[in-house]
Number of protein chains: 4
Amino acid sequence: MKKGRIEAFSDGVIAIIITIMVLELKVPHGDSIKNLLPLWPVFLSYVLSFIYVGIYWNNHHHMFTVVNKVNGAILWANLHLLFWLSMIPFATAWMGENYFTAAPMALYGFVLLMNGVAYSILASLLVKHHGEDSLLAKAMGSDFKGKLSVVCYVLAIPSAFLNVWISGALYILVAMVWLIPDKRIEKVIHDEQE
Amino acid sequence: MKKGRIEAFSDGVIAIIITIMVLELKVPHGDSIKNLLPLWPVFLSYVLSFIYVGIYWNNHHHMFTVVNKVNGAILWANLHLLFWLSMIPFATAWMGENYFTAAPMALYGFVLLMNGVAYSILASLLVKHHGEDSLLAKAMGSDFKGKLSVVCYVLAIPSAFLNVWISGALYILVAMVWLIPDKRIEKVIHDEQE
Amino acid sequence: MKKGRIEAFSDGVIAIIITIMVLELKVPHGDSIKNLLPLWPVFLSYVLSFIYVGIYWNNHHHMFTVVNKVNGAILWANLHLLFWLSMIPFATAWMGENYFTAAPMALYGFVLLMNGVAYSILASLLVKHHGEDSLLAKAMGSDFKGKLSVVCYVLAIPSAFLNVWISGALYILVAMVWLIPDKRIEKVIHDEQE
Amino acid sequence: MKKGRIEAFSDGVIAIIITIMVLELKVPHGDSIKNLLPLWPVFLSYVLSFIYVGIYWNNHHHMFTVVNKVNGAILWANLHLLFWLSMIPFATAWMGENYFTAAPMALYGFVLLMNGVAYSILASLLVKHHGEDSLLAKAMGSDFKGKLSVVCYVLAIPSAFLNVWISGALYILVAMVWLIPDKRIEKVIHDEQE
């Protein structure tokens with residue numbers, strides 16, 4: 001089985017997820033600049049989730065660059081990831097509409113955690129299918145960032161009930177870690193070509 | 001005629017269908033965990049329908065892997081399938097909002113039945129177009145799972161008015177049958193290559 | 001310039017248009033079968049528009065099969081067609097919610113007319129760009145169906161104010177004419193290969 | 001890294017953005033032609049934004065025609081552009097629902113400005129990645145239109161608070177400038193082939 005259509009379908013679902021979140025940004029009733037101000041929590045949560053979904057798309061893109069073949073289990077692991085990605089707009093909206101209070105902040109962390117888990121399952125099935133000596137296995141490496149993210153989410157969920165700023169800081173920290181360009185896969189491809 | 005664009009268009013429509021269902025999961029008004037609890041029927045129906053649409057995408061993907069050519073009738077049979085898939089969000093929402101009562105459960109079964117019928121029509125047109133000796137015809141085989149599903153849906157529709165648990169069990173059963181990896185097409189491709 | 005991306009973008013837009021129309025089919029409040037009955041005009045208008053958008057996707061697909069190259073004007077003519085296609089959900093919803101009364105029926109015809117005009121402009125720019133001796137020019141032929149459709153729409157718009165059944169019959173007639181498989185392009189491709 | 005998937009993902013996001021704007025065109029309650037009249041500002045703002053998003057898609061398409069390779073920074077610059085494009089439906093809806101008053105007109109200009117800036121960042125990263133002697137660098141040239149657009153947006157934002165007609169005229173002017181076919185890239189490709 002070829003990977004083309006799994007990429008195309010994932011691109012479609014991720015494109016819709018990243019775009020429907022903006023529908024939560026409801027048009028305010030007045031027509032002055034000050035009518036826009038109450039929208040800041042919805043806007044801020046949209047920006048954060050846009051970055052997170054962007055990170056997933058980037059990582060998915062990078063990973064599939066070195067994928068050669070897929071099987072039935074991988075198709076379902078990919079759908080499982082798309083399911084948890086589809087929960088991000090809901091968690092984002094609940095968080096934004098409630099001005100970043102405890103329970104919505106914790107749910108947001110839970111959804112990110114499930115996404116991280118789903119991504120790990122997909123990655124390990126792909127590595128297993130390609131073999132431990134494959135380019136993919138080398139490119140994935142020890143997945144330090146992935147493990148760090150999961151630890152942060154696990155800490156952020158209970159922290160939300162103590163102090164939402166801790167959870168918020170952890171979500172921003174994880175996003176920053178991933179925004180720093182990931183040279184792993186680009187490097188492995190480059191080394192291979194030499 | 002090539003199959004590329006029919007795959008791309010189907011991927012687009014299925015990606016939208018699977019994603020718009022999550023819009024039914026409306027953000028609750030309160031900001032505590034207990035405000036999430038009333039959402040369980042909508043969430044559960046979303047999970048079930050996500051799996052069903054995922055099954056259709058997987059099967060469509062598998063089947064088109066061994067398709068070489070399409071014609072006008074196949075394009076329309078594919079659109080007919082997409083039409084019934086587009087009814088799933090409506091049936092899902094009605095079922096979830098009414099806590100799985102009789103008529104919505106029956107309608108859900110009817111929509112699944114029409115999807116099963118539409119898929120069979122598409123599959124048989126494809127087999128006819130490729131010939132009985134084609135790789136596609138071999139890969140489809142007797143389509144035991146497809147026939148079993150249709151029988152289950154036909155039983156589930158009237159059962160909903162007797163006891164909704166029977167219908168629910170049948171819908172879950174059919175989903176399980178399809179989640180078990182379908183080795184048919186993968187096997188035929190593999191045999192062919194030897 | 002290659003045609004791949006214009007096809008992909010058109011597929012995306014058409015997939016969204018054909019799918020968002022189903023969002024007009026609002027979930028009824030009660031949970032019995034009779035609560036579904038008032039939805040018939042919305043459902044019927046959805047079916048009709050699904051077929052029309054399906055026809056446009058099919059024709060677009062067929063036409064681009066024999067397209068080799070595009071230019072800036074063709075990109076805009078294609079966007080112009082997508083604009084009028086994007087008006088179909090609005091016209092469909094207005095017609096369905098008002099039980100097929102005069103003005104909505106006339107607007108529906110106007111939107112179909114503008115789609116027909118936009119499609120003709122796109123087709124003639126493509127023929128001009130490929131030359132009168134091209135495979136595309138031969139495949140388009142005299143475009144009898146296209147001209148007949150435009151005549152029907154022009155008749156249907158004023159007819160809606162006399163008797164909505166005339167307009168309705170004309171819309172169904174045009175859909176039927178296009179549903180009958182169009183052998184022109186398939187034939188020309190086949191002849192070319194011999 | 002290849003450019004195929006960045007194009008496909010961008011096409012998906014832009015297709016959704018251009019289509020969800022039409023959802024703001026809410027179906028009126030009455031069923032006579034005069035019930036459509038109050039929709040003119042929403043319709044007009046939809047037309048303008050459809051053209052703007054169409055211009056971005058066209059330019060993106062043209063630019064990527066001569067792109068050979070992408071890197072992590074380019075992926076993020078592209079996501080940054082998609083983020084600002086996703087703000088267009090919000091700004092459009094606010095402007096249309098408030099009959100083109102000052103603050104919404106200024107916000108519309110601000111969103112267009114940020115899109116222009118995001119596009120410039122993407123273009124300059126692409127040129128840097130391909131080298132100053134590349135086909136891409138030649139095709140981009142001095143980017144007179146891009147610079148002119150930014151100047152117009154910067155003028156249009158404060159002008160909205162003086163007289164909304166000035167801003168409106170500037171937005172239409174910029175759209176016209178881009179609608180005139182851009183021969184630069186087509187020309188460079190053509191010259192290269194000789």
# chains A, B, ... in the order shown; residues from 1 in each chain; ligands from 1
call {"tool": "calpha_fit_and_write", "arguments": {"fixed": "chain A", "moving": "chain B", "output": "mmCIF file with C-alpha atoms, in the first residue's frame"}}
result
data_model
loop_
_atom_site.group_PDB
_atom_site.id
_atom_site.type_symbol
_atom_site.label_atom_id
_atom_site.label_comp_id
_atom_site.auth_asym_id
_atom_site.auth_seq_id
_atom_site.Cartn_x
_atom_site.Cartn_y
_atom_site.Cartn_z
ATOM 1 C CA MET B 1 0.006 0.026 -0.005
ATOM 2 C CA LYS B 2 1.208 3.476 -0.897
ATOM 3 C CA LYS B 3 1.321 6.432 1.421
ATOM 4 C CA GLY B 4 -0.088 9.073 -0.960
ATOM 5 C CA ARG B 5 -3.695 8.805 -0.002
ATOM 6 C CA ILE B 6 -3.099 8.614 3.753
ATOM 7 C CA GLU B 7 -1.165 11.885 3.422
ATOM 8 C CA ALA B 8 -3.911 13.499 1.326
ATOM 9 C CA PHE B 9 -6.678 12.429 3.721
ATOM 10 C CA SER B 10 -4.700 13.584 6.772
ATOM 11 C CA ASP B 11 -3.993 16.912 5.074
ATOM 12 C CA GLY B 12 -7.704 17.335 4.404
ATOM 13 C CA VAL B 13 -8.765 16.559 7.969
ATOM 14 C CA ILE B 14 -6.003 18.703 9.522
ATOM 15 C CA ALA B 15 -6.807 21.594 7.144
ATOM 16 C CA ILE B 16 -10.455 21.472 8.248
ATOM 17 C CA ILE B 17 -9.571 21.222 11.954
ATOM 18 C CA ILE B 18 -7.191 24.186 11.802
ATOM 19 C CA THR B 19 -9.771 26.266 9.931
ATOM 20 C CA ILE B 20 -13.011 25.477 11.784
ATOM 21 C CA MET B 21 -11.452 26.734 15.012
ATOM 22 C CA VAL B 22 -11.703 30.247 13.602
ATOM 23 C CA LEU B 23 -15.511 29.858 13.484
ATOM 24 C CA GLU B 24 -15.438 30.190 17.292
ATOM 25 C CA LEU B 25 -14.257 33.764 16.820
ATOM 26 C CA LYS B 26 -17.793 35.102 16.638
ATOM 27 C CA VAL B 27 -18.368 38.518 15.093
ATOM 28 C CA PRO B 28 -19.071 41.040 17.919
ATOM 29 C CA HIS B 29 -22.290 43.072 17.856
ATOM 30 C CA GLY B 30 -20.915 46.619 18.051
ATOM 31 C CA ASP B 31 -18.721 48.191 15.379
ATOM 32 C CA SER B 32 -16.006 49.882 17.451
ATOM 33 C CA ILE B 33 -12.532 48.641 18.302
ATOM 34 C CA LYS B 34 -13.488 48.181 21.965
ATOM 35 C CA ASN B 35 -16.068 45.566 20.907
ATOM 36 C CA LEU B 36 -13.139 43.432 19.818
ATOM 37 C CA LEU B 37 -11.453 43.453 23.228
ATOM 38 C CA PRO B 38 -13.643 40.771 24.898
ATOM 39 C CA LEU B 39 -12.534 38.410 22.142
ATOM 40 C CA TRP B 40 -8.935 38.220 23.398
ATOM 41 C CA PRO B 41 -9.244 34.863 25.234
ATOM 42 C CA VAL B 42 -10.899 33.224 22.219
ATOM 43 C CA PHE B 43 -8.274 34.748 19.922
ATOM 44 C CA LEU B 44 -5.387 33.722 22.187
ATOM 45 C CA SER B 45 -6.642 30.145 22.490
ATOM 46 C CA TYR B 46 -7.074 30.079 18.691
ATOM 47 C CA VAL B 47 -3.455 31.188 18.186
ATOM 48 C CA LEU B 48 -2.171 28.539 20.618
ATOM 49 C CA SER B 49 -4.207 25.752 19.016
ATOM 50 C CA PHE B 50 -3.315 26.894 15.496
ATOM 51 C CA ILE B 51 0.343 26.510 16.490
ATOM 52 C CA TYR B 52 -0.288 23.073 18.037
ATOM 53 C CA VAL B 53 -2.193 21.775 15.000
ATOM 54 C CA GLY B 54 0.532 23.328 12.823
ATOM 55 C CA ILE B 55 3.163 21.421 14.826
ATOM 56 C CA TYR B 56 1.268 18.164 14.301
ATOM 57 C CA TRP B 57 0.949 18.813 10.589
ATOM 58 C CA ASN B 58 4.669 19.647 10.346
ATOM 59 C CA ASN B 59 5.705 16.543 12.272
ATOM 60 C CA HIS B 60 3.304 14.337 10.320
ATOM 61 C CA HIS B 61 4.701 15.795 7.088
ATOM 62 C CA HIS B 62 8.312 15.249 8.206
ATOM 63 C CA MET B 63 7.683 11.705 9.387
ATOM 64 C CA PHE B 64 5.836 10.625 6.236
ATOM 65 C CA THR B 65 8.666 12.024 4.094
ATOM 66 C CA VAL B 66 10.670 8.942 5.098
ATOM 67 C CA VAL B 67 7.732 6.500 5.123
ATOM 68 C CA ASN B 68 7.706 4.034 2.240
ATOM 69 C CA LYS B 69 4.784 1.775 3.009
ATOM 70 C CA VAL B 70 1.727 1.551 5.236
ATOM 71 C CA ASN B 71 -0.594 -1.236 6.411
ATOM 72 C CA GLY B 72 -4.066 -1.534 7.913
ATOM 73 C CA ALA B 73 -2.917 -0.988 11.512
ATOM 74 C CA ILE B 74 -1.086 2.186 10.472
ATOM 75 C CA LEU B 75 -4.211 3.512 8.732
ATOM 76 C CA TRP B 76 -6.149 3.074 11.993
ATOM 77 C CA ALA B 77 -3.363 4.557 14.136
ATOM 78 C CA ASN B 78 -3.466 7.564 11.809
ATOM 79 C CA LEU B 79 -7.267 7.827 12.133
ATOM 80 C CA HIS B 80 -6.852 7.579 15.905
ATOM 81 C CA LEU B 81 -4.501 10.574 15.800
ATOM 82 C CA LEU B 82 -6.957 12.486 13.594
ATOM 83 C CA PHE B 83 -9.721 11.730 16.120
ATOM 84 C CA TRP B 84 -7.789 13.378 18.955
ATOM 85 C CA LEU B 85 -6.775 16.276 16.722
ATOM 86 C CA SER B 86 -10.495 16.769 16.015
ATOM 87 C CA MET B 87 -11.026 17.230 19.773
ATOM 88 C CA ILE B 88 -8.703 20.276 19.822
ATOM 89 C CA PRO B 89 -11.326 22.758 18.485
ATOM 90 C CA PHE B 90 -13.747 21.691 21.239
ATOM 91 C CA ALA B 91 -11.147 21.990 24.021
ATOM 92 C CA THR B 92 -9.939 25.295 22.555
ATOM 93 C CA ALA B 93 -13.425 26.769 22.452
ATOM 94 C CA TRP B 94 -14.240 25.688 26.017
ATOM 95 C CA MET B 95 -10.960 27.196 27.252
ATOM 96 C CA GLY B 96 -11.376 30.445 25.336
ATOM 97 C CA GLU B 97 -15.000 31.009 26.290
ATOM 98 C CA ASN B 98 -14.242 30.484 29.986
ATOM 99 C CA TYR B 99 -11.204 32.769 30.166
ATOM 100 C CA PHE B 100 -8.715 29.962 30.869
ATOM 101 C CA THR B 101 -10.240 28.636 34.097
ATOM 102 C CA ALA B 102 -9.178 25.367 35.775
ATOM 103 C CA ALA B 103 -11.277 22.564 34.244
ATOM 104 C CA PRO B 104 -11.055 23.799 30.626
ATOM 105 C CA MET B 105 -7.278 24.228 31.024
ATOM 106 C CA ALA B 106 -7.026 20.658 32.352
ATOM 107 C CA LEU B 107 -9.179 19.286 29.508
ATOM 108 C CA TYR B 108 -6.969 21.096 27.008
ATOM 109 C CA GLY B 109 -3.953 19.340 28.520
ATOM 110 C CA PHE B 110 -5.760 15.999 28.427
ATOM 111 C CA VAL B 111 -6.566 16.415 24.730
ATOM 112 C CA LEU B 112 -2.948 17.377 23.992
ATOM 113 C CA LEU B 113 -1.804 14.344 25.993
ATOM 114 C CA MET B 114 -4.039 12.002 23.992
ATOM 115 C CA ASN B 115 -2.702 13.549 20.784
ATOM 116 C CA GLY B 116 0.842 12.953 21.998
ATOM 117 C CA VAL B 117 0.007 9.335 22.833
ATOM 118 C CA ALA B 118 -1.752 8.810 19.477
ATOM 119 C CA TYR B 119 1.240 10.267 17.639
ATOM 120 C CA SER B 120 3.628 7.952 19.543
ATOM 121 C CA ILE B 121 1.528 4.908 18.670
ATOM 122 C CA LEU B 122 1.533 5.909 14.997
ATOM 123 C CA ALA B 123 5.282 6.559 15.037
ATOM 124 C CA SER B 124 6.123 3.246 16.705
ATOM 125 C CA LEU B 125 3.900 1.263 14.312
ATOM 126 C CA LEU B 126 5.640 2.982 11.401
ATOM 127 C CA VAL B 127 9.091 2.231 12.825
ATOM 128 C CA LYS B 128 8.097 -1.414 13.438
ATOM 129 C CA HIS B 129 6.785 -1.723 9.850
ATOM 130 C CA HIS B 130 10.008 -0.266 8.370
ATOM 131 C CA GLY B 131 12.470 -2.052 10.663
ATOM 132 C CA GLU B 132 14.878 -0.797 13.282
ATOM 133 C CA ASP B 133 17.582 -0.134 10.671
ATOM 134 C CA SER B 134 15.352 1.981 8.448
ATOM 135 C CA LEU B 135 15.865 5.621 7.629
ATOM 136 C CA LEU B 136 12.609 6.283 9.505
ATOM 137 C CA ALA B 137 13.886 4.611 12.684
ATOM 138 C CA LYS B 138 17.081 6.667 12.539
ATOM 139 C CA ALA B 139 15.152 9.835 11.877
ATOM 140 C CA MET B 140 12.838 9.312 14.850
ATOM 141 C CA GLY B 141 15.788 8.647 17.179
ATOM 142 C CA SER B 142 15.033 8.699 20.900
ATOM 143 C CA ASP B 143 12.124 11.132 20.397
ATOM 144 C CA PHE B 144 13.258 13.337 23.298
ATOM 145 C CA LYS B 145 10.837 16.135 22.397
ATOM 146 C CA GLY B 146 7.888 13.754 22.243
ATOM 147 C CA LYS B 147 8.655 12.318 25.684
ATOM 148 C CA LEU B 148 9.256 15.782 27.176
ATOM 149 C CA SER B 149 5.882 16.939 25.802
ATOM 150 C CA VAL B 150 4.020 14.031 27.385
ATOM 151 C CA VAL B 151 5.679 14.750 30.758
ATOM 152 C CA CYS B 152 4.659 18.417 30.473
ATOM 153 C CA TYR B 153 1.039 17.537 29.669
ATOM 154 C CA VAL B 154 0.861 15.073 32.582
ATOM 155 C CA LEU B 155 2.134 17.827 34.885
ATOM 156 C CA ALA B 156 -0.130 20.484 33.376
ATOM 157 C CA ILE B 157 -3.415 18.623 33.929
ATOM 158 C CA PRO B 158 -3.402 18.580 37.770
ATOM 159 C CA SER B 159 -1.571 21.937 37.852
ATOM 160 C CA ALA B 160 -4.594 23.589 36.258
ATOM 161 C CA PHE B 161 -6.526 23.048 39.496
ATOM 162 C CA LEU B 162 -3.718 24.610 41.555
ATOM 163 C CA ASN B 163 -2.794 27.535 39.342
ATOM 164 C CA VAL B 164 -3.802 27.902 35.728
ATOM 165 C CA TRP B 165 -0.660 29.944 34.997
ATOM 166 C CA ILE B 166 1.481 26.821 35.520
ATOM 167 C CA SER B 167 -0.538 24.879 32.920
ATOM 168 C CA GLY B 168 -0.510 27.833 30.535
ATOM 169 C CA ALA B 169 3.258 28.168 30.862
ATOM 170 C CA LEU B 170 3.706 24.444 30.190
ATOM 171 C CA TYR B 171 1.528 24.578 27.054
ATOM 172 C CA ILE B 172 3.504 27.539 25.737
ATOM 173 C CA LEU B 173 6.803 25.848 26.655
ATOM 174 C CA VAL B 174 5.928 22.682 24.707
ATOM 175 C CA ALA B 175 4.861 24.758 21.691
ATOM 176 C CA MET B 176 8.190 26.655 21.817
ATOM 177 C CA VAL B 177 10.173 23.410 22.010
ATOM 178 C CA TRP B 178 8.538 22.210 18.808
ATOM 179 C CA LEU B 179 8.699 25.567 17.009
ATOM 180 C CA ILE B 180 12.481 25.407 17.229
ATOM 181 C CA PRO B 181 13.205 23.698 13.898
ATOM 182 C CA ASP B 182 13.591 19.958 14.185
ATOM 183 C CA LYS B 183 16.771 19.114 12.334
ATOM 184 C CA ARG B 184 16.617 15.381 13.024
ATOM 185 C CA ILE B 185 14.820 14.177 9.932
ATOM 186 C CA GLU B 186 16.315 16.811 7.635
ATOM 187 C CA LYS B 187 19.759 15.813 8.923
ATOM 188 C CA VAL B 188 19.260 12.071 8.450
ATOM 189 C CA ILE B 189 18.020 12.588 4.887
ATOM 190 C CA HIS B 190 20.988 14.824 4.197
ATOM 191 C CA ASP B 191 23.496 12.319 5.660
ATOM 192 C CA GLU B 192 21.920 9.522 3.650
ATOM 193 C CA GLN B 193 22.431 11.419 0.415
ATOM 194 C CA GLU B 194 26.141 11.944 1.005
#
call {"tool": "select_by_dssp", "arguments": {"residues": "stretch 121-161 of chain C", "states": "alpha helix (DSSP H)", "output": "PyMOL selection string"}}
result
chain C and resi 121-130+135-140+144-161
call {"tool": "write_last_selection", "arguments": {"atoms": "C-alpha atoms", "output": "JSON list (two decimals), in the first residue's frame"}}
result
[["chain", "number", "residue", "atom", "x", "y", "z"],
["C", 121, "ILE", "CA", -16.49, 31.00, -20.18],
["C", 122, "LEU", "CA", -14.03, 28.54, -18.61],
["C", 123, "ALA", "CA", -14.60, 26.01, -21.40],
["C", 124, "SER", "CA", -14.13, 28.55, -24.20],
["C", 125, "LEU", "CA", -10.94, 29.97, -22.63],
["C", 126, "LEU", "CA", -9.59, 26.41, -22.38],
["C", 127, "VAL", "CA", -10.48, 25.66, -26.01],
["C", 128, "LYS", "CA", -8.89, 28.95, -27.15],
["C", 129, "HIS", "CA", -5.71, 28.14, -25.17],
["C", 130, "HIS", "CA", -5.44, 24.64, -26.68],
["C", 135, "LEU", "CA", -8.42, 17.03, -28.41],
["C", 136, "LEU", "CA", -10.19, 19.36, -25.97],
["C", 137, "ALA", "CA", -11.93, 21.29, -28.75],
["C", 138, "LYS", "CA", -13.10, 18.03, -30.34],
["C", 139, "ALA", "CA", -14.27, 16.70, -27.00],
["C", 140, "MET", "CA", -16.33, 19.81, -26.23],
["C", 144, "PHE", "CA", -25.57, 20.97, -27.07],
["C", 145, "LYS", "CA", -26.32, 20.05, -23.45],
["C", 146, "GLY", "CA", -24.73, 23.23, -22.14],
["C", 147, "LYS", "CA", -26.79, 25.42, -24.47],
["C", 148, "LEU", "CA", -30.00, 23.51, -23.70],
["C", 149, "SER", "CA", -29.37, 23.98, -19.96],
["C", 150, "VAL", "CA", -28.95, 27.73, -20.32],
["C", 151, "VAL", "CA", -32.20, 27.96, -22.31],
["C", 152, "CYS", "CA", -34.00, 25.95, -19.59],
["C", 153, "TYR", "CA", -32.68, 28.20, -16.81],
["C", 154, "VAL", "CA", -33.68, 31.35, -18.70],
["C", 155, "LEU", "CA", -37.20, 29.93, -19.08],
["C", 156, "ALA", "CA", -37.34, 28.70, -15.49],
["C", 157, "ILE", "CA", -36.61, 32.07, -13.85],
["C", 158, "PRO", "CA", -39.74, 33.96, -14.99],
["C", 159, "SER", "CA", -41.80, 30.74, -14.89],
["C", 160, "ALA", "CA", -41.28, 30.56, -11.13],
["C", 161, "PHE", "CA", -43.57, 33.59, -10.75]]
